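Visitor: Sharing a structure, written as structure tokens. Questions coming.
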Amino acid sequence: MRRFLALIAIPLLACVVLAGCGSSKSSASSSSSSSSSSSSSNSAVTATGSFGKAPTVDIPKAKAGNNLAVKTLIQGTGATLTKSDAMAANFVLYFWDGTSSSLKANTFTSNPTVIGGTMLPGLESALIGQKVGSRVLAVIPPAQGYGTSGNSQLGITGTTTLVFVIDVLKAYSNTAGATGTQVSNGGGTLPTVTAKAGSAPTLTFPSSSPPSGLVSKTLIKGNGPAVVKGDYVIAQYVGYIWRTKKVFGSSWSSGSPFGFVIGASPEQVIPGWDKALVGQTVGSRVLISIPPAEGYGSAGQSQAGITGKDTLVFVVDIIDALKQG
């Protein structure tokens with residue numbers, strides 16, 4: 001599948017998490033009321049089960065109230081989450097409309113996802129200050145979610161209340177990058193890479209034409225485990241179009257690392273990533289030159305300015321690789 005931003009596309013659940021993902025955003029204040037002060041049915045929502053397993057959620061057969069309700073169901077002992085952190089998390093999401101509710105997403109049965117960047121106000125209120133290892137229940141009314149406009153792309157109306165149960169697995173700084181030993185800066189027939197800790201690398205292109213095939217070069221060699229097919233990889237990246245020598249996508253500018261399953265079927269990233277990153281180690285930085293056949297194909301991706309003949313160049317920092325199951 002060749003979608004625009006296939007390398008930074010996120011599943012439905014994460015799309016709800018990120019206010020900027022859909023066509024409409026809430027303009028509500030991020031101020032909230034906790035479950036202890038809410039007298040609405042929102043505080044009656046419960047969830048049971050152990051951390052790491054899909055919870056059983058009980059939502060009243062009543063209309064949702066107007067207050068944000070947050071409960072820490074399991075208290076973690078890890079680092080405290082801040083606004084500059086992204087987190088790897090598993091969660092379930094229910095839409096609560098009128099007196100009925102329905103499960104819309106469940107990452108416990110697939111793979112985790114990365115939550116970070118600009119979150120919905122209610123979700124930010126629920127998660128910031130929590131500790132890694134916590135399970136958090138958040139009942140988010142429209143005013144703390146997508147507002148009265150809702151989000152038609154996601155099936156959210158102006159009266160939909162969102163019910164999340166989230167297990168916070170790990171936390172990552174939005175400036176996290178490669179941590180290994182520098183072994184190269186590219187160059188020769190490949191672009192030369194310069195970088196400053198905590199920010200996106202920049203590329204200087206040679207005058208020669210791009211390689212005809214897929215080429216990868218390790219710039220920083222990490223000391224972590226090797227990435228294998230099926231891992232959920234947490235990465236930072238910046239992507240250039242060789243022809244224009246301009247950036248077309250970057251996790252560094254989005255405010256959060258990117259997470260994906262490597263070697264997934266159907267693909268979660270373009271083929272060049274799957275082929276170049278398997279076998280690399282956590283903590284590494286990898287330069288990848290990707291011809292059209294291993295990228296967006298002959299169709300290109302016009303929204304990103306990519307033609308069917310464009311070679312793409314990525315610098316990818318492998319932050320972590322979580323084993324599935």
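Ordered as shown in the structure tokens, chains take letters A, B, and onward, while each chain numbers its residues from 1 and ligands are numbered from 1 in the order shown.
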Can you pull out every residue within 12 Å of segment 219-228 of chain A, counting only C-alpha atoms, but drop anything in the same chain fewer than 6 positions away, and send it as an MDAnalysis selection string?
Guide: chainID A and resid 177:187 190:195 201 234:235 261:264 273:288 314:324
Visitor: With a distance cut-off of 8 Å and only C-alpha atoms, select the neighbouring residues of Phe91 of chain A, excluding the residue or stretch itself and same-chain residues fewer than 4 positions from it, and output the selection as a list in words.
Guide: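 Surrounding residues, per the criterion: Ala54, Ala105, Asn106, Thr107, Phe108, Pro112, Phe164, Val165, Ile166 and Asp167 of chain A.
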Visitor: Counting only C-alpha atoms, figure out which residue out of A:Pro142, A:Trp96, A:Pro271, A:Gly259 gets nearest to Leu123 of chain A.
Guide: A:Pro142
Visitor: Would you kindly return, as an mmCIF file with all heavy atoms, in the first residue's frame, each protein, DNA or RNA residue with an atom no farther than 10 Å from any atom of Ser50 of chain A, considering only C-alpha atoms and excluding same-chain residues fewer than 3 positions away?
Guide:
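Dumped to result37.cif:
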data_model
loop_
_atom_site.group_PDB
_atom_site.id
_atom_site.type_symbol
_atom_site.label_atom_id
_atom_site.label_comp_id
_atom_site.auth_asym_id
_atom_site.auth_seq_id
_atom_site.Cartn_x
_atom_site.Cartn_y
_atom_site.Cartn_z
ATOM 1 N N ALA A 47 -12.916 -0.379 34.660
ATOM 2 C CA ALA A 47 -12.151 -1.328 33.861
ATOM 3 C C ALA A 47 -11.386 -2.241 34.807
ATOM 4 O O ALA A 47 -10.847 -1.787 35.822
ATOM 5 C CB ALA A 47 -11.193 -0.610 32.923
ATOM 6 N N LYS A 53 -2.592 -6.906 29.573
ATOM 7 C CA LYS A 53 -3.682 -7.690 29.003
ATOM 8 C C LYS A 53 -4.857 -6.768 28.707
ATOM 9 O O LYS A 53 -5.077 -5.776 29.412
ATOM 10 C CB LYS A 53 -4.131 -8.792 29.966
ATOM 11 C CG LYS A 53 -3.016 -9.737 30.403
ATOM 12 C CD LYS A 53 -2.505 -10.579 29.243
ATOM 13 C CE LYS A 53 -1.445 -11.571 29.709
ATOM 14 N NZ LYS A 53 -0.900 -12.372 28.581
ATOM 15 N N ALA A 54 -5.634 -7.103 27.659
ATOM 16 C CA ALA A 54 -6.779 -6.276 27.309
ATOM 17 C C ALA A 54 -7.752 -6.205 28.486
ATOM 18 O O ALA A 54 -8.120 -7.230 29.049
ATOM 19 C CB ALA A 54 -7.479 -6.836 26.083
ATOM 20 N N PRO A 55 -8.156 -5.002 28.882
ATOM 21 C CA PRO A 55 -9.046 -4.856 30.029
ATOM 22 C C PRO A 55 -10.501 -5.177 29.676
ATOM 23 O O PRO A 55 -10.898 -5.143 28.509
ATOM 24 C CB PRO A 55 -8.898 -3.376 30.384
ATOM 25 C CG PRO A 55 -8.628 -2.727 29.059
ATOM 26 C CD PRO A 55 -7.782 -3.706 28.286
ATOM 27 N N THR A 56 -11.275 -5.468 30.705
ATOM 28 C CA THR A 56 -12.727 -5.550 30.585
ATOM 29 C C THR A 56 -13.294 -4.213 31.027
ATOM 30 O O THR A 56 -13.052 -3.778 32.162
ATOM 31 C CB THR A 56 -13.296 -6.680 31.463
ATOM 32 O OG1 THR A 56 -12.741 -7.932 31.025
ATOM 33 C CG2 THR A 56 -14.816 -6.742 31.357
ATOM 34 N N LEU A 73 -5.740 3.182 37.358
ATOM 35 C CA LEU A 73 -6.183 1.855 37.788
ATOM 36 C C LEU A 73 -5.027 1.024 38.333
ATOM 37 O O LEU A 73 -5.205 0.227 39.255
ATOM 38 C CB LEU A 73 -6.846 1.130 36.617
ATOM 39 C CG LEU A 73 -8.027 1.857 35.965
ATOM 40 C CD1 LEU A 73 -8.533 1.056 34.771
ATOM 41 C CD2 LEU A 73 -9.142 2.086 36.973
ATOM 42 N N ILE A 74 -3.860 1.177 37.730
ATOM 43 C CA ILE A 74 -2.641 0.515 38.194
ATOM 44 C C ILE A 74 -1.555 1.572 38.253
ATOM 45 O O ILE A 74 -1.315 2.283 37.272
ATOM 46 C CB ILE A 74 -2.229 -0.628 37.242
ATOM 47 C CG1 ILE A 74 -3.309 -1.719 37.202
ATOM 48 C CG2 ILE A 74 -0.881 -1.219 37.661
ATOM 49 C CD1 ILE A 74 -3.069 -2.783 36.147
ATOM 50 N N ARG A 135 -1.648 1.929 34.384
ATOM 51 C CA ARG A 135 -2.846 1.772 33.558
ATOM 52 C C ARG A 135 -3.789 2.907 33.905
ATOM 53 O O ARG A 135 -4.132 3.110 35.081
ATOM 54 C CB ARG A 135 -3.525 0.425 33.792
ATOM 55 C CG ARG A 135 -4.926 0.337 33.203
ATOM 56 C CD ARG A 135 -5.482 -1.073 33.182
ATOM 57 N NE ARG A 135 -4.842 -1.862 32.125
ATOM 58 C CZ ARG A 135 -5.170 -3.139 31.854
ATOM 59 N NH1 ARG A 135 -6.115 -3.756 32.565
ATOM 60 N NH2 ARG A 135 -4.569 -3.780 30.870
ATOM 61 N N ASP A 167 -2.306 1.384 28.825
ATOM 62 C CA ASP A 167 -1.151 0.863 29.560
ATOM 63 C C ASP A 167 0.105 1.551 29.026
ATOM 64 O O ASP A 167 0.431 1.412 27.837
ATOM 65 C CB ASP A 167 -1.008 -0.644 29.362
ATOM 66 C CG ASP A 167 -2.005 -1.459 30.178
ATOM 67 O OD1 ASP A 167 -2.896 -0.856 30.800
ATOM 68 O OD2 ASP A 167 -1.905 -2.707 30.161
#
Visitor: Just the number, please: distance in Å from atom CA of Leu214 of chain A to atom CA of Asn174 of chain A, one decimal.
Guide: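 The value is 28.8 Å.
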Visitor: Find the residues near Pro60 of chain A: any atom within 10 Å, counting only C-alpha atoms, skip ones fewer than 4 places away on the same chain, and give them as a count of residues only.
Guide: 11
Visitor: State, in Å with one decimal place, the distance from atom CA of Ile156 of chain A to atom CA of Asp97 of chain A.
Guide: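 Separation between atom CA of Ile156 of chain A and atom CA of Asp97 of chain A: 9.1 Å.
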Visitor: Would you give me, as a PyMOL selection string, the residues in segment 28-201 of chain A that DSSP reads as strand (DSSP E or B)?
Guide: chain A and resi 46-48+56-58+69-74+80+85-97+100-106+113-115+119+131+135-140+151+156+161-173+181-182+186+192-194
Visitor: Rank nothing, just name the residue among A:Gly305, A:Gly155, A:Pro206, A:Gly145 nearest to Thr244 of chain A, using only C-alpha atoms.
Guide: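 The closest residue to Thr244 of chain A is A:Gly305.
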Visitor: Restricting the calculation to only C-alpha atoms: of A:Arg243, A:Gly117, A:Lys229, A:Thr82, which residue gets closest to Ser208 of chain A?
Guide: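 Among the listed residues, A:Arg243 lies closest to Ser208 of chain A.
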Visitor: Please list as a PDB file with N, CA and C atoms, in the first residue's frame every residue within 10 Å of Ser256 of chain A, counting only C-alpha atoms and excluding residues in the same chain fewer than 4 positions away.
Guide:
ATOM      1  N   SER A  84       7.167  16.680  27.066  1.00  0.00           N
ATOM      2  CA  SER A  84       8.180  16.470  26.033  1.00  0.00           C
ATOM      3  C   SER A  84       8.425  14.990  25.760  1.00  0.00           C
ATOM      4  N   ASP A  85       7.637  14.123  26.390  1.00  0.00           N
ATOM      5  CA  ASP A  85       7.799  12.685  26.198  1.00  0.00           C
ATOM      6  C   ASP A  85       6.796  12.135  25.204  1.00  0.00           C
ATOM      7  N   ALA A  86       7.219  11.112  24.481  1.00  0.00           N
ATOM      8  CA  ALA A  86       6.299  10.226  23.773  1.00  0.00           C
ATOM      9  C   ALA A  86       6.288   8.922  24.548  1.00  0.00           C
ATOM     10  N   MET A  87       5.249   8.134  24.354  1.00  0.00           N
ATOM     11  CA  MET A  87       5.173   6.876  25.089  1.00  0.00           C
ATOM     12  C   MET A  87       4.755   5.744  24.163  1.00  0.00           C
ATOM     13  N   VAL A 114       2.771   4.488  19.375  1.00  0.00           N
ATOM     14  CA  VAL A 114       3.431   5.612  20.017  1.00  0.00           C
ATOM     15  C   VAL A 114       2.433   6.752  20.165  1.00  0.00           C
ATOM     16  N   ILE A 115       2.319   7.282  21.360  1.00  0.00           N
ATOM     17  CA  ILE A 115       1.489   8.455  21.630  1.00  0.00           C
ATOM     18  C   ILE A 115       2.424   9.592  21.986  1.00  0.00           C
ATOM     19  N   GLY A 116       2.296  10.703  21.289  1.00  0.00           N
ATOM     20  CA  GLY A 116       3.144  11.843  21.593  1.00  0.00           C
ATOM     21  C   GLY A 116       2.767  13.018  20.724  1.00  0.00           C
ATOM     22  N   GLY A 117       3.569  14.052  20.772  1.00  0.00           N
ATOM     23  CA  GLY A 117       3.255  15.251  20.008  1.00  0.00           C
ATOM     24  C   GLY A 117       2.061  15.968  20.612  1.00  0.00           C
ATOM     25  N   THR A 118       1.215  16.519  19.746  1.00  0.00           N
ATOM     26  CA  THR A 118       0.048  17.266  20.206  1.00  0.00           C
ATOM     27  C   THR A 118      -1.111  16.312  20.440  1.00  0.00           C
ATOM     28  N   TYR A 172       9.755   7.980  25.906  1.00  0.00           N
ATOM     29  CA  TYR A 172      10.887   8.422  25.097  1.00  0.00           C
ATOM     30  C   TYR A 172      10.833   9.936  24.953  1.00  0.00           C
ATOM     31  N   SER A 173      11.961  10.589  25.142  1.00  0.00           N
ATOM     32  CA  SER A 173      12.028  12.026  24.927  1.00  0.00           C
ATOM     33  C   SER A 173      11.801  12.340  23.458  1.00  0.00           C
ATOM     34  N   ASN A 174      11.170  13.483  23.185  1.00  0.00           N
ATOM     35  CA  ASN A 174      10.967  13.862  21.782  1.00  0.00           C
ATOM     36  C   ASN A 174      12.266  14.272  21.099  1.00  0.00           C
ATOM     37  N   THR A 175      13.357  14.338  21.861  1.00  0.00           N
ATOM     38  CA  THR A 175      14.671  14.622  21.272  1.00  0.00           C
ATOM     39  C   THR A 175      15.575  13.387  21.279  1.00  0.00           C
ATOM     40  N   ALA A 176      15.002  12.218  21.600  1.00  0.00           N
ATOM     41  CA  ALA A 176      15.803  10.987  21.632  1.00  0.00           C
ATOM     42  C   ALA A 176      16.373  10.700  20.257  1.00  0.00           C
ATOM     43  N   ILE A 234      10.727   1.771  17.476  1.00  0.00           N
ATOM     44  CA  ILE A 234      10.560   3.191  17.781  1.00  0.00           C
ATOM     45  C   ILE A 234      11.720   3.919  17.122  1.00  0.00           C
ATOM     46  N   ALA A 235      11.417   4.903  16.274  1.00  0.00           N
ATOM     47  CA  ALA A 235      12.471   5.536  15.491  1.00  0.00           C
ATOM     48  C   ALA A 235      12.239   7.033  15.337  1.00  0.00           C
ATOM     49  N   GLN A 236      13.329   7.738  15.123  1.00  0.00           N
ATOM     50  CA  GLN A 236      13.290   9.107  14.621  1.00  0.00           C
ATOM     51  C   GLN A 236      13.772   9.069  13.179  1.00  0.00           C
ATOM     52  N   SER A 250       9.471  14.416   8.589  1.00  0.00           N
ATOM     53  CA  SER A 250      10.415  14.315   9.704  1.00  0.00           C
ATOM     54  C   SER A 250       9.670  14.088  11.007  1.00  0.00           C
ATOM     55  N   SER A 251      10.072  13.053  11.732  1.00  0.00           N
ATOM     56  CA  SER A 251       9.499  12.852  13.065  1.00  0.00           C
ATOM     57  C   SER A 251       9.998  13.913  14.033  1.00  0.00           C
ATOM     58  N   TRP A 252      11.195  14.424  13.778  1.00  0.00           N
ATOM     59  CA  TRP A 252      11.767  15.449  14.655  1.00  0.00           C
ATOM     60  C   TRP A 252      10.872  16.681  14.701  1.00  0.00           C
TER      61      TRP A 252
END
